[in-house]
Amino acid sequence: MLSDVLHKLSSTISNQWTWWGNVNNEKDELTRAVLTISIVLLSIFFYLWTFLKSRNQISAPLPPGPCGLPIVGYLPFLDTNLHQQFAELAHQYGPIYQLWFGKKLCVMLSSPSLAKEVTRDLDTVFANRDPHIAALAATYGGFDIAFAPYGPYWRTMRKVFVREMLSNTSLEDTYSLRRGEVKKTIRELHSKIGTAVEISKITFLTEFNLVMSMLWGDTVDSKRADSVGTEFRAVISKIVELIAKPNMSDFFPILARFDVQGVEREMKRLVQGVDRIFDPLLESRTRMSRGEGGQENGMKSKGKKDFIQILLELKEREDAAIPITLQQIKALLLDIVTAGTDTTATMVEWVMAELLHKPEILSTISNQWTWWWDVIDEKDELARAVLTISTVLLSMFFYLWTFLKSRNQISAPMPPGPCGLPIVGYLPFLGTNLHHQFAELANQYGPIYKLWFGKKMCVVLSSPSLAKEVVRDLDTVFANRDPPIAVLACTYGGIDIAWAPYGPYWRTMRKVFVREMLSNTSLEDTCSLRRDEVKKTIRDLHSKIGTAVEISEITFLTEFNVVMSMLWGGTVDSQRADSVGTEFRAVTSKIIELAAKPNVSDFFPILARFDVQGVEREMKRLLQWVDLIFDPLLESGMSRREGGQENGMKSKGKKDFIQILLELKEREDAAIPITLQQIKAMLMDIVVGGTDTAATTVEWVMAELLHKPEVMKKVQEELSDIVGLNNVVEESHMPKLHYLDAVLKETFRLHPALPLLVPKRPNQSSIVGGYTIPKDTRVFLNIWAIHRDPEAWDDPSEFKPERFLSDAREWDYNGNNFQFLPFGSGRRICAGLPLAEKMVMYVLASILHSFNWKVPEGEEIDLSEKFGIVMKKSKPLIAIPTQRLSSLKLYA
Ligand code: HEM
């Protein structure tokens with residue numbers, strides 16, 4: 001029985017779980033039941049284990065703090081003046097201590113150095129908010145600036161606010177409005193001379209009118225503004241009071257739905273009050289902007305737009321990366337009006353109270369500051385304006401930080417997606433062609449959806465706009481990789497370029513590679529090496545004229561030899577290179593296949609140590625094999641250095657890439673020292689990543705051309721025109737081969753070498769397409785689906801190179817057009833791009849110019865795909881070359 005179960009377990013895994021749904025006899029059913037129970041038990045064990053482990057893992061202790069009572073924690077001991085109570089507790093427990101408020105752990109910080117740690121050193125980690133239920137209700141669900149989660153939405157809102165309302169120019173343009181308001185207050189106070197006035201009321205109204213006039217220009221008439229201001233004052237003070245009120249629902253989420261203290265209900269009532277004030281003002285403003293009232297905006301006289309006008313315009317823009325709704329505008333207004341009025345008014349009241357308390361200071365100030373009222377020149381006016389603005393800004397800043405308590409809470413929902421089965425998630429339903437299956441799921445669930453692979457959450461993105469969000473707007477967050485165990489095994493623990501975590505190590509490795517191997521000068525210096533390798537291929541093919549050749553074998557060897565000669569500067573002799581290349585091809589395709597194979601160790605970390613499928617073991621075996629190739633080559637590189645013959649490109653006084661790497665390895669002063677293993681990891685990237693991708697691309701182009709003889713004819717006509725039948729192709733011809741370039745681009749569109757790019761892993765939770773993607777999720781960008789999106793492409797499944805010629809848009813490989821990303825985009829875009837483009841074009845042009853090609857008799861071109869990290873043809877392409885150029889000399 002046990003052996004039966006184990007047998008089923010292993011065959012299950014290798015068949016990727018498809019039998020799960022297709023049991024056809026009782027024995028199978030029994031096995032399935034036993035398997036399910038084992039998985040459940042294993043998972044429980046696993047959860048217990050991870051829980052215990054995570055408890056033991058936290059190396060620094062939690063801060064000290066008072067114990068409080070069971071369940072309610074410190075809540076029953078809270079005073080009304082929290083800030084004073086917290087300061088007293090800090091005397092007892094130190095500048096950092098913890099308190100439990102029900103189920104919520106709170107940490108108080110009360111020293112400048114801790115403030116610096118949180119707001120400077122760990123700024124991005126602590127930049128999130130922890131809005132109370134009351135705050136969420138007051139801000140239409142956290143849509144304002146102050147409570148929005150740290151991410152692109154917050155960034156957009158804040159940018160709009162700071163740039164449009166608080167830029168130097170806007171502040172200058174609105175100076176007269178502020179002056180008008182202050183003058184009005186002085187006039188009003190003058191009319192009350194000798195009678196008692198409530199300072200906060202006067203200051204609130206002044207600040208309120210000031211902010212309102214900056215928002216609305218001068219479209220709200222002053223009487224209406226005053227009455228709105230009085231209403232607003234009452235509402236705002238209640239809102240601010242409610243936000244700060246300890247609320248059971250915040251500390252016991254289970255009680256939240258009952259709203260025991262009625263805080264949420266009361267807040268919603270207040271927000272309705274705010275709506276009653278804002279809605280008519282916004283409606284009349286919308287009518288005005290549409291020209292119904294004739295007057296376009298409140299600052300028309302100066303040809304400027306007031307802030308409301310700008311917000312309303314943003315709302316109407318359909319192409320905005322983050323569209324703004326009316327509710328979001330209101331949330332923003334509420335922030336500005338609340339932060340800009342109550343805080344400032346309160347500060348002024350406090351200053352007045354202190355001054356009245358200390359009459360001697362008041363008299364000094366009134367003597368020194370009389371100019372505040374009696375400005376006599378422009379300089380004074382400017383100083384007064386700057387001071388007023390600084391006070392407003394400082395107060396707003398103060399307000400924004402008052403409610404700071406960090407927690408990684410994101411209010412957007414999780415993406416939709418299929419449920420899958422308990423524990424194993426969607427794993428049993430995975431097919432062989434993941435990119436096709438992902439595209440079908442996108443048709444069902446939309447361009448962003450989630451899947452659970454065991455314990456691992458994956459998100460698949462399949463639209464240009466989502467691609468943009470991830471690789472442009474949130475590039476640094478998503479620049480991390482999520483290497484599977486198999487990949488870690490073959491990259492010496494992820495120390496190569498492609499899988500290294502985003503950070504200084506990756507940056508150094510990538511910089512060394514790009515600067516030393518792929519700079520324009522290096523590419524020029526190595527041009528003759530590439531020419532020699534391509535000539536060799538042409539010679540080789542000529543010797544096989546009339547016989548069937550496997551295209552990918554030829555192209556792999558060519559690309560491999562090109563890369564190897566660039567690395568070793570032509571020092572590896574050609575026969576040795578050819579035999580190494582043939583071995584390498586076999587290993588490379590196994591490595592790439594294994595790296596893409598679903599591995600239960602990745603999805604159930606508890607099983608990783610058992611390596612149930614043997615993927616890790618197999619990968620390590622392949623790596624030993626690669627070591628057997630690289631080690632002697634590296635040793636010969638080292639002995640060349642020792643033996644005086646510095647490098648393979650000595651004749652030109654240049655260093656080959658291996659020499660540069662070996663030199664770096666010996667440098668003791670390097671910021672990030674490079675070891676031999678890191679050099680080998682980088683070589684793996686270059687050789688494995690650079691050859692198979694390029695060779696497969698050439699094979700796809702050839703397959704499409706043999707499938708469409710009319711396109712092949714046009715390509716060869718262009719070659720005859722540009723190169724001439726009496727010449728061989730040179731790299732210098734490439735910029736003129738426009739049609740071949742379009743053919744290559746169209747092939748990349750239909751058959752991108754990496755259909756899901758390299759999976760990304762966000763280093764913090766973020767919102768993409770309105771959904772939360774939690775930290776450490778595995779994120780796939782399905783560029784295969786994007787490249788065939790009918791909304792982005794006409795006849796998306798048709799091979800039509802002309803679209804890259806006739807379309808007025810600029811097409812390149814730099815990842816700026818999010819409809820077309822064959823090399824990825826953003827920081828982790830393909831590092832070998834300049835070489836890849838050169839090599840693929842050069843090899844293609846050469847074999848298409850030197851030979852005519854046909855498929856063997858009775859064979860048909862098969863264009864079906866086989867998924868892998870690199871997407872291959874499911875059947876290798878076989879074709880027969882015949883001589884095209886007249887002179888035999890051109891093949892020598
Ligand atoms: C037709 C040829 C090639 C294609 C289609 C291709 C495509 C790609 C893609 C899609 C990525 C991942 C980008 C992302 O995740 O956004 C990538 C990464 C990479 N490629 Fe290429 N590549 C090609 C050739 C090469 C060559 C020739 C080299 C080196 C000589 C190379 C070196 C790399 C490296 C080092 C990375 C990792 C970059 C990083 O993570 O910073 N590639 N490539």
# chains A, B, ... in the order shown; residues from 1 in each chain; ligands from 1
call {"tool": "select_by_dssp", "arguments": {"residues": "region 179-259 of chain A", "states": "alpha helix (DSSP H)", "output": "ChimeraX atom specification"}}
result
/A:179-191,199-216,222-244,248-251
call {"tool": "residues_near_ligand", "arguments": {"ligand": "ligand 1", "cutoff": "7 Å", "atoms": "only C-alpha atoms and all ligand atoms", "output": "PyMOL selection string"}}
result
chain A and resi 497-499+510+563+685-687+689-691+693-694+697+752-754+757-759+822-833+835-837+840
call {"tool": "atom_distance", "arguments": {"atom1": "CA of Phe278 (chain A)", "atom2": "CA of Arg163 (chain A)"}}
result
22.6 Å
call {"tool": "residues_around", "arguments": {"residues": "region 729-732 of chain A", "least_positions_apart": "2", "cutoff": "9 Å", "atoms": "only C-alpha atoms", "output": "list in words"}}
result
Cys527, Arg531, Leu719, Val723, Gly724, Asn727, Met734, Pro735, Lys736, Lys838, Met839, Met841, Tyr842, Ala845, Ser846, His849 and Ser850 of chain A
call {"tool": "residues_around", "arguments": {"residues": "region 587-603 of chain A", "least_positions_apart": "5", "cutoff": "7 Å", "atoms": "only C-alpha atoms", "output": "mmCIF file with N, CA and C atoms, in the first residue's frame"}}
result
data_model
loop_
_atom_site.group_PDB
_atom_site.id
_atom_site.type_symbol
_atom_site.label_atom_id
_atom_site.label_comp_id
_atom_site.auth_asym_id
_atom_site.auth_seq_id
_atom_site.Cartn_x
_atom_site.Cartn_y
_atom_site.Cartn_z
ATOM 1 N N PHE A 453 0.063 28.688 -5.852
ATOM 2 C CA PHE A 453 0.801 27.460 -6.128
ATOM 3 C C PHE A 453 1.256 26.969 -4.761
ATOM 4 N N GLY A 454 0.516 26.064 -4.183
ATOM 5 C CA GLY A 454 0.830 25.633 -2.817
ATOM 6 C C GLY A 454 0.771 26.827 -1.893
ATOM 7 N N LYS A 455 1.858 27.080 -1.169
ATOM 8 C CA LYS A 455 1.884 28.200 -0.229
ATOM 9 C C LYS A 455 2.300 29.507 -0.902
ATOM 10 N N LYS A 456 2.551 29.454 -2.182
ATOM 11 C CA LYS A 456 3.106 30.620 -2.869
ATOM 12 C C LYS A 456 2.022 31.346 -3.643
ATOM 13 N N PRO A 484 13.619 30.236 -8.374
ATOM 14 C CA PRO A 484 13.240 28.915 -7.882
ATOM 15 C C PRO A 484 14.480 28.184 -7.365
ATOM 16 N N ILE A 485 14.257 27.114 -6.598
ATOM 17 C CA ILE A 485 15.376 26.367 -6.011
ATOM 18 C C ILE A 485 16.315 25.859 -7.108
ATOM 19 N N ALA A 486 15.725 25.420 -8.220
ATOM 20 C CA ALA A 486 16.545 24.897 -9.309
ATOM 21 C C ALA A 486 17.516 25.969 -9.811
ATOM 22 N N VAL A 487 17.023 27.203 -9.909
ATOM 23 C CA VAL A 487 17.874 28.279 -10.424
ATOM 24 C C VAL A 487 18.973 28.609 -9.414
ATOM 25 N N ALA A 608 11.265 21.201 0.837
ATOM 26 C CA ALA A 608 12.446 21.522 0.035
ATOM 27 C C ALA A 608 13.615 20.612 0.380
ATOM 28 N N ASP A 611 13.727 17.370 -1.539
ATOM 29 C CA ASP A 611 13.903 17.479 -2.996
ATOM 30 C C ASP A 611 13.163 16.323 -3.690
ATOM 31 N N GLN A 613 11.255 15.782 -6.150
ATOM 32 C CA GLN A 613 11.357 15.501 -7.583
ATOM 33 C C GLN A 613 12.800 15.349 -8.061
ATOM 34 N N VAL A 615 14.895 17.676 -8.494
ATOM 35 C CA VAL A 615 15.288 18.777 -9.401
ATOM 36 C C VAL A 615 16.615 19.390 -8.962
ATOM 37 N N MET A 619 20.105 19.468 -10.995
ATOM 38 C CA MET A 619 20.707 20.742 -11.380
ATOM 39 C C MET A 619 22.152 20.819 -10.884
ATOM 40 N N LEU A 622 24.318 18.951 -13.178
ATOM 41 C CA LEU A 622 24.595 19.700 -14.411
ATOM 42 C C LEU A 622 25.632 20.790 -14.155
ATOM 43 N N VAL A 688 24.701 30.808 -20.983
ATOM 44 C CA VAL A 688 23.385 30.139 -21.054
ATOM 45 C C VAL A 688 22.303 31.138 -21.481
ATOM 46 N N GLY A 868 8.954 27.117 -21.786
ATOM 47 C CA GLY A 868 10.118 26.955 -20.907
ATOM 48 C C GLY A 868 10.524 28.362 -20.551
ATOM 49 N N ILE A 869 11.542 28.537 -19.679
ATOM 50 C CA ILE A 869 12.007 29.918 -19.425
ATOM 51 C C ILE A 869 12.297 30.523 -20.786
ATOM 52 N N VAL A 870 12.944 29.718 -21.664
ATOM 53 C CA VAL A 870 13.076 30.139 -23.066
ATOM 54 C C VAL A 870 12.078 29.306 -23.877
#
call {"tool": "residues_around", "arguments": {"residues": "Ile783 (chain A)", "least_positions_apart": "2", "cutoff": "7 Å", "atoms": "only C-alpha atoms", "output": "PyMOL selection string"}}
result
chain A and resi 462+755-756+781+785-787+821
call {"tool": "closest_atom_pairs", "arguments": {"of": "region 308-360 of chain A", "to": "region 204-210 of chain A", "cutoff": "10 Å", "atoms": "only C-alpha atoms", "output": "CSV"}}
result
residue,atom,partner,partner_atom,distance
A:Ile336,CA,A:Phe208,CA,9.8
A:Val337,CA,A:Phe208,CA,6.8
A:Thr338,CA,A:Phe208,CA,8.6
A:Gly340,CA,A:Glu207,CA,7.0
A:Thr341,CA,A:Glu207,CA,5.1
A:Asp342,CA,A:Phe204,CA,6.3
A:Thr343,CA,A:Phe204,CA,8.9
A:Thr344,CA,A:Glu207,CA,7.1
A:Ala345,CA,A:Phe204,CA,4.8
A:Thr346,CA,A:Phe204,CA,7.8
A:Val348,CA,A:Phe204,CA,9.1
A:Glu349,CA,A:Phe204,CA,9.3
